[in-house]
Amino acid sequence: VADTRRRGSFSLDEESIIQFRWDVRANSSLTYLYIDNVKCIVPQEYDISFYVGDELKETKKVFEGEIPEYTGDPLIKESSETHDYFFAGWNPKLVPATENASYTAVFDSSVIYKIPEGETVLIADFETGEFTSAWGGVFYYYSDATECNEYGCGGSDLSYDIVDGDNSKNLKLTFMLNHGALTYQYAGLTMDVAAEGGTRNISTCKVLRYDYKGAAHNFRVQSGIDVGYQYHQKEIEPADEWTPMTIILANDLNQPSWAELTADIDDVLRQATAIEWQMTSGATNGTLEIDNVRCSNIPVYNIAFMYGEDTVEVQKVPDGDMPKCVGCADFEKDPTDQYEYSFNNKWNPAIVAAAGNTAYTMVWDSTLRSYTVSFINENGNELQSGSWVYGTTPTYSGETPVKVGDAQYSYTFEGWAPEIVAVTGEAEYTAQFTPVVNSYVVKFVNDDGTQIDSTVQEYGTSVAELAERLTPTKTDSEGLLTYTFDGWSPEIDEETIVTGNVVYTATYKVGDK
């Protein structure tokens, strides 16, 4: 009834089966189910063999009706001096098993293009006025202009020609996109890597270079591997002037993140069919000029840019090219209390043209930090504020701080709190004052203005104690009256203290002699 080897099914004891049932799923979009020709069979097994040439690679048992599947070692045909070989299928084509059968691996071939190690080959410079490259491939353009839907046709208009450039002839593509009915419009320039669109192994082209001027575009490599048009590519920025572009094919080219059919870039380069320059959707119209397409078989080195022990960036750099850290310009080193740091593209060791795997460490310029130092009065008013370099000792250069006194105290500037020290951060110093008790002149006079006593006393001194030492007297010059001391004006009591300059006048009672 069932066999555990067949499509993950499970074994049943035929004597225990009491019912077969077909349950209709609740989420089925159909409203009917037809069943017919229900049978129980013991499937026939067949021997299926797989060969590479005359070499048997695998033999397996396959149930009748199943399509054979090869699960043996990788299928490889050794390369010759001129060609690489790639597995392309089976001969005959795999079909459901109905008898013992043998299948032989079929291989496609790709011409090997060999660039001697260390050399550069010019692929196209257009000086002859021809659209054919040194690889034998033809340059041509493509667009969506012939594609249509119910709303209309594609919106890409293109033309191209070999023109006299600034210093030499170059290929110029003129394009206009996004004026048709299709949602997505495209256009580009293609160069077959072999004559008549054949396949070529260009893996010895480790570094491809070209000069360009004009619109943003994607540089792409096509191959005989089906990737659903999601080719390996690199986005190139627009350039107003002629700009050299260097592409390390095995490193810089990647498929879009949404690609469903994927391939290894090494396999793509071994089965390359074309290179192309495709206009990006952001460039709706303009021109793109291409010149001096060339390939180099030169070493590519790992260049590391370091911040201390940490890696900021690692680049692949062709032999002889000058390394440049792209992400270092925005890199920051945290300041200390003492120093601020700036990176001015200095490295240890100094950067030189790539000649081997190298690590460069960032060298930072340091600048002593400056801090704001403020001098304030005791009442909070700012007297002076300025910027002082770390390690220097600030000084106050303004007018001597003043604190307004009162009746009891006058104030003398004493210094600053806290004590002024060398700058290590933001600082604020507050003026300090020494209080001095005010002294006042206290006079005692007779009612005729004659002075009885005059003294200088501190604020708070008891006036009553001062007055107790005095015996005011007054005589009548004619001898007719008597005068008896009767107190002071203003009145003095036990609580009267010195609060300012003051004159007390003696008062008398008058009597007859």
# chains A, B, ... in the order shown; residues from 1 in each chain; ligands from 1
>>> residues_around(residues="stretch 336-343 of chain A", least_positions_apart="2", cutoff="10 Å", atoms="only C-alpha atoms", output="ChimeraX atom specification")
/A:328-334,345-347,362-371,389-391,423-425
>>> residues_around(residues="A:Leu481", least_positions_apart="2", cutoff="12 Å", atoms="only C-alpha atoms", output="PDB file with N, CA and C atoms, in the first residue's frame")
ATOM      1  N   LYS A 474      25.673 122.559  83.418  1.00  0.00           N
ATOM      2  CA  LYS A 474      25.377 123.851  82.795  1.00  0.00           C
ATOM      3  C   LYS A 474      25.210 124.881  83.920  1.00  0.00           C
ATOM      4  N   THR A 475      25.830 126.075  83.755  1.00  0.00           N
ATOM      5  CA  THR A 475      25.724 127.127  84.782  1.00  0.00           C
ATOM      6  C   THR A 475      25.132 128.368  84.181  1.00  0.00           C
ATOM      7  N   ASP A 476      24.496 129.121  85.073  1.00  0.00           N
ATOM      8  CA  ASP A 476      23.901 130.405  84.651  1.00  0.00           C
ATOM      9  C   ASP A 476      24.965 131.476  84.818  1.00  0.00           C
ATOM     10  N   SER A 477      25.260 132.165  83.772  1.00  0.00           N
ATOM     11  CA  SER A 477      26.304 133.182  83.834  1.00  0.00           C
ATOM     12  C   SER A 477      25.963 134.313  84.792  1.00  0.00           C
ATOM     13  N   GLU A 478      24.691 134.523  85.031  1.00  0.00           N
ATOM     14  CA  GLU A 478      24.271 135.599  85.927  1.00  0.00           C
ATOM     15  C   GLU A 478      24.076 135.089  87.343  1.00  0.00           C
ATOM     16  N   GLY A 479      24.133 133.774  87.490  1.00  0.00           N
ATOM     17  CA  GLY A 479      24.013 133.171  88.819  1.00  0.00           C
ATOM     18  C   GLY A 479      22.628 133.181  89.370  1.00  0.00           C
ATOM     19  N   TYR A 483      20.716 124.585  86.925  1.00  0.00           N
ATOM     20  CA  TYR A 483      20.384 123.625  85.867  1.00  0.00           C
ATOM     21  C   TYR A 483      20.718 122.205  86.354  1.00  0.00           C
ATOM     22  N   THR A 484      19.710 121.368  86.199  1.00  0.00           N
ATOM     23  CA  THR A 484      19.886 119.960  86.588  1.00  0.00           C
ATOM     24  C   THR A 484      19.777 119.094  85.331  1.00  0.00           C
ATOM     25  N   TYR A 508      18.267 119.904  80.282  1.00  0.00           N
ATOM     26  CA  TYR A 508      18.328 120.287  81.696  1.00  0.00           C
ATOM     27  C   TYR A 508      16.952 120.764  82.179  1.00  0.00           C
ATOM     28  N   LYS A 509      16.812 120.596  83.527  1.00  0.00           N
ATOM     29  CA  LYS A 509      15.672 121.220  84.223  1.00  0.00           C
ATOM     30  C   LYS A 509      16.166 122.526  84.816  1.00  0.00           C
ATOM     31  N   VAL A 510      15.319 123.534  84.760  1.00  0.00           N
ATOM     32  CA  VAL A 510      15.709 124.873  85.222  1.00  0.00           C
ATOM     33  C   VAL A 510      15.031 125.170  86.569  1.00  0.00           C
ATOM     34  N   GLY A 511      15.826 125.696  87.526  1.00  0.00           N
ATOM     35  CA  GLY A 511      15.274 126.083  88.835  1.00  0.00           C
ATOM     36  C   GLY A 511      15.870 127.407  89.318  1.00  0.00           C
ATOM     37  N   ASP A 512      15.146 128.024  90.318  1.00  0.00           N
ATOM     38  CA  ASP A 512      15.673 129.273  90.876  1.00  0.00           C
ATOM     39  C   ASP A 512      16.722 128.949  91.928  1.00  0.00           C
ATOM     40  N   LYS A 513      17.642 129.889  92.046  1.00  0.00           N
ATOM     41  CA  LYS A 513      18.680 129.748  93.030  1.00  0.00           C
ATOM     42  C   LYS A 513      18.154 130.151  94.377  1.00  0.00           C
TER      43      LYS A 513
END
>>> residues_around(residues="A:Ser223", least_positions_apart="5", cutoff="8 Å", atoms="only C-alpha atoms", output="list in words")
Thr199, Val268, Leu269, Gln271, Ala272, Thr273 and Ala274 of chain A
>>> write_last_selection(atoms="N, CA, C and O atoms", output="PDB file, in the first residue's frame")
ATOM      1  N   THR A 199      29.650  32.721 -25.662  1.00  0.00           N
ATOM      2  CA  THR A 199      30.063  32.736 -24.260  1.00  0.00           C
ATOM      3  C   THR A 199      31.577  32.779 -24.178  1.00  0.00           C
ATOM      4  O   THR A 199      32.267  32.166 -24.969  1.00  0.00           O
ATOM      5  N   VAL A 268      29.623  33.280 -13.148  1.00  0.00           N
ATOM      6  CA  VAL A 268      29.161  34.256 -14.140  1.00  0.00           C
ATOM      7  C   VAL A 268      30.317  34.691 -15.030  1.00  0.00           C
ATOM      8  O   VAL A 268      30.186  34.759 -16.257  1.00  0.00           O
ATOM      9  N   LEU A 269      31.465  34.994 -14.433  1.00  0.00           N
ATOM     10  CA  LEU A 269      32.615  35.447 -15.225  1.00  0.00           C
ATOM     11  C   LEU A 269      33.139  34.344 -16.129  1.00  0.00           C
ATOM     12  O   LEU A 269      33.661  34.611 -17.213  1.00  0.00           O
ATOM     13  N   GLN A 271      31.271  32.210 -17.595  1.00  0.00           N
ATOM     14  CA  GLN A 271      30.284  31.987 -18.657  1.00  0.00           C
ATOM     15  C   GLN A 271      29.703  33.313 -19.145  1.00  0.00           C
ATOM     16  O   GLN A 271      28.532  33.402 -19.489  1.00  0.00           O
ATOM     17  N   ALA A 272      30.528  34.350 -19.179  1.00  0.00           N
ATOM     18  CA  ALA A 272      30.048  35.683 -19.536  1.00  0.00           C
ATOM     19  C   ALA A 272      29.593  35.733 -20.991  1.00  0.00           C
ATOM     20  O   ALA A 272      30.177  35.087 -21.875  1.00  0.00           O
ATOM     21  N   THR A 273      28.543  36.514 -21.227  1.00  0.00           N
ATOM     22  CA  THR A 273      28.060  36.731 -22.592  1.00  0.00           C
ATOM     23  C   THR A 273      28.157  38.194 -23.006  1.00  0.00           C
ATOM     24  O   THR A 273      28.282  38.495 -24.183  1.00  0.00           O
ATOM     25  N   ALA A 274      28.066  39.123 -22.035  1.00  0.00           N
ATOM     26  CA  ALA A 274      28.093  40.548 -22.390  1.00  0.00           C
ATOM     27  C   ALA A 274      28.358  41.377 -21.146  1.00  0.00           C
ATOM     28  O   ALA A 274      28.141  40.942 -20.013  1.00  0.00           O
TER      29      ALA A 274
END
>>> residues_around(residues="A:His83", least_positions_apart="4", cutoff="7 Å", atoms="only C-alpha atoms", output="JSON, numbers by chain")
{"A": [79, 109, 110, 111, 112]}
>>> select_by_dssp(residues="stretch 132-332 of chain A", states="helix (DSSP H, G or I)", output="list in words")
Ala195, Glu196, Gly197, Leu249, Ala250, Asn251, Asp252, Ile265, Asp266, Asp267, Val268, Leu269 and Arg270 of chain A
>>> write_last_selection(atoms="all heavy atoms", output="short mmCIF file (atom, residue, chain, number, x, y, z; two decimals), in the first residue's frame")
data_model
loop_
_atom_site.label_atom_id
_atom_site.label_comp_id
_atom_site.auth_asym_id
_atom_site.auth_seq_id
_atom_site.Cartn_x
_atom_site.Cartn_y
_atom_site.Cartn_z
N ALA A 195 32.30 37.22 -30.31
CA ALA A 195 31.65 37.41 -31.60
C ALA A 195 30.34 36.65 -31.64
O ALA A 195 30.22 35.53 -31.12
CB ALA A 195 32.57 36.95 -32.73
N GLU A 196 29.34 37.26 -32.26
CA GLU A 196 28.03 36.67 -32.47
C GLU A 196 27.38 36.24 -31.15
O GLU A 196 26.63 35.26 -31.09
CB GLU A 196 28.12 35.47 -33.43
CG GLU A 196 28.66 35.86 -34.81
CD GLU A 196 28.78 34.66 -35.73
OE1 GLU A 196 28.51 33.53 -35.27
OE2 GLU A 196 29.14 34.86 -36.90
N GLY A 197 27.68 36.98 -30.10
CA GLY A 197 26.99 36.75 -28.83
C GLY A 197 27.35 35.47 -28.13
O GLY A 197 26.58 34.96 -27.32
N LEU A 249 35.89 42.90 -10.85
CA LEU A 249 34.70 42.16 -11.25
C LEU A 249 34.26 41.15 -10.20
O LEU A 249 33.07 41.02 -9.91
CB LEU A 249 34.94 41.47 -12.58
CG LEU A 249 35.18 42.41 -13.78
CD1 LEU A 249 35.41 41.60 -15.05
CD2 LEU A 249 34.01 43.38 -13.97
N ALA A 250 35.18 40.41 -9.63
CA ALA A 250 34.81 39.35 -8.69
C ALA A 250 34.40 39.89 -7.34
O ALA A 250 33.86 39.15 -6.51
CB ALA A 250 35.96 38.37 -8.52
N ASN A 251 34.61 41.19 -7.10
CA ASN A 251 34.33 41.75 -5.78
C ASN A 251 33.25 42.82 -5.79
O ASN A 251 32.42 42.88 -4.87
CB ASN A 251 35.62 42.35 -5.21
CG ASN A 251 35.45 42.88 -3.80
OD1 ASN A 251 35.37 42.11 -2.85
ND2 ASN A 251 35.37 44.20 -3.66
N ASP A 252 33.24 43.66 -6.82
CA ASP A 252 32.35 44.83 -6.81
C ASP A 252 30.96 44.57 -7.36
O ASP A 252 30.06 45.40 -7.17
CB ASP A 252 32.99 45.97 -7.63
CG ASP A 252 34.26 46.49 -6.99
OD1 ASP A 252 34.47 46.21 -5.79
OD2 ASP A 252 35.04 47.17 -7.67
N ILE A 265 29.35 34.83 -8.68
CA ILE A 265 29.99 35.73 -9.63
C ILE A 265 31.15 35.04 -10.36
O ILE A 265 31.40 35.31 -11.54
CB ILE A 265 30.50 37.02 -8.93
CG1 ILE A 265 31.10 38.01 -9.94
CG2 ILE A 265 31.46 36.70 -7.83
CD1 ILE A 265 30.14 38.46 -11.01
N ASP A 266 31.85 34.11 -9.69
CA ASP A 266 32.93 33.40 -10.37
C ASP A 266 32.40 32.58 -11.54
O ASP A 266 33.02 32.53 -12.61
CB ASP A 266 33.67 32.50 -9.38
CG ASP A 266 34.45 33.30 -8.34
OD1 ASP A 266 34.84 34.44 -8.67
OD2 ASP A 266 34.64 32.80 -7.23
N ASP A 267 31.22 31.95 -11.33
CA ASP A 267 30.61 31.18 -12.42
C ASP A 267 30.14 32.11 -13.54
O ASP A 267 30.23 31.78 -14.72
CB ASP A 267 29.44 30.36 -11.90
CG ASP A 267 29.89 29.25 -10.96
OD1 ASP A 267 31.04 28.81 -11.09
OD2 ASP A 267 29.09 28.84 -10.10
N VAL A 268 29.62 33.28 -13.15
CA VAL A 268 29.16 34.26 -14.14
C VAL A 268 30.32 34.69 -15.03
O VAL A 268 30.19 34.76 -16.26
CB VAL A 268 28.52 35.47 -13.44
CG1 VAL A 268 28.33 36.63 -14.42
CG2 VAL A 268 27.19 35.08 -12.80
N LEU A 269 31.47 34.99 -14.43
CA LEU A 269 32.61 35.45 -15.23
C LEU A 269 33.14 34.34 -16.13
O LEU A 269 33.66 34.61 -17.21
CB LEU A 269 33.72 35.94 -14.30
CG LEU A 269 33.40 37.18 -13.46
CD1 LEU A 269 34.55 37.52 -12.54
CD2 LEU A 269 33.04 38.37 -14.33
N ARG A 270 33.01 33.10 -15.72
CA ARG A 270 33.48 31.99 -16.56
C ARG A 270 32.52 31.71 -17.72
O ARG A 270 32.88 31.05 -18.68
CB ARG A 270 33.65 30.74 -15.71
CG ARG A 270 34.80 30.83 -14.70
CD ARG A 270 34.85 29.62 -13.80
NE ARG A 270 35.12 28.42 -14.57
CZ ARG A 270 34.58 27.23 -14.31
NH1 ARG A 270 33.70 27.10 -13.32
NH2 ARG A 270 34.90 26.19 -15.05
#
>>> closest_residue(among="A:Ile67, A:Met176, A:Leu171, A:Val300", to="A:Cys205", atoms="only C-alpha atoms")
A:Val300
>>> residues_around(residues="A:Glu66", least_positions_apart="3", cutoff="6 Å", atoms="only C-alpha atoms", output="short mmCIF file (atom, residue, chain, number, x, y, z; two decimals) with N, CA, C and O atoms, in the first residue's frame")
data_model
loop_
_atom_site.label_atom_id
_atom_site.label_comp_id
_atom_site.auth_asym_id
_atom_site.auth_seq_id
_atom_site.Cartn_x
_atom_site.Cartn_y
_atom_site.Cartn_z
N PHE A 63 11.37 4.34 -8.63
CA PHE A 63 10.06 3.74 -8.82
C PHE A 63 9.44 4.17 -10.15
O PHE A 63 9.71 5.28 -10.64
N PRO A 96 9.94 10.47 -16.56
CA PRO A 96 9.50 9.50 -15.55
C PRO A 96 9.93 8.09 -15.93
O PRO A 96 9.89 7.69 -17.10
N ALA A 97 10.36 7.36 -14.92
CA ALA A 97 10.91 6.02 -15.16
C ALA A 97 9.83 5.04 -15.62
O ALA A 97 8.78 4.92 -14.98
#
>>> closest_atom_pairs(of="stretch 331-426 of chain A", to="stretch 453-462 of chain A", cutoff="12 Å", atoms="only C-alpha atoms", output="CSV")
residue,atom,partner,partner_atom,distance
A:Asp406,CA,A:Tyr459,CA,10.6
A:Ala407,CA,A:Tyr459,CA,7.6
A:Gln408,CA,A:Tyr459,CA,5.6
A:Tyr409,CA,A:Tyr459,CA,8.2
A:Ser410,CA,A:Tyr459,CA,10.9
>>> atom_distance(atom1="atom CA of A:Gln44", atom2="atom CA of A:Lys93")
21.0 Å
>>> atom_distance(atom1="atom CA of A:Thr499", atom2="atom CA of A:Asp448")
24.7 Å
>>> residues_around(residues="A:Ala355", least_positions_apart="6", cutoff="8 Å", atoms="only C-alpha atoms", output="MDAnalysis selection string")
chainID A and resid 301 319:320
>>> residues_around(residues="A:Glu64", least_positions_apart="3", cutoff="12 Å", atoms="only C-alpha atoms", output="count of residues only")
19
>>> closest_residue(among="A:Ile248, A:Gly198, A:His217, A:Asp211", to="A:Tyr186", atoms="only C-alpha atoms")
A:His217
>>> atom_distance(atom1="atom CA of A:Phe50", atom2="atom CA of A:Ser102")
5.9 Å
>>> select_by_dssp(residues="stretch 341-473 of chain A", states="strand (DSSP E)", output="number ranges by chain")
A: 341-348, 358-368, 370-376, 382-389, 409-417, 427-437, 439-445, 451-458
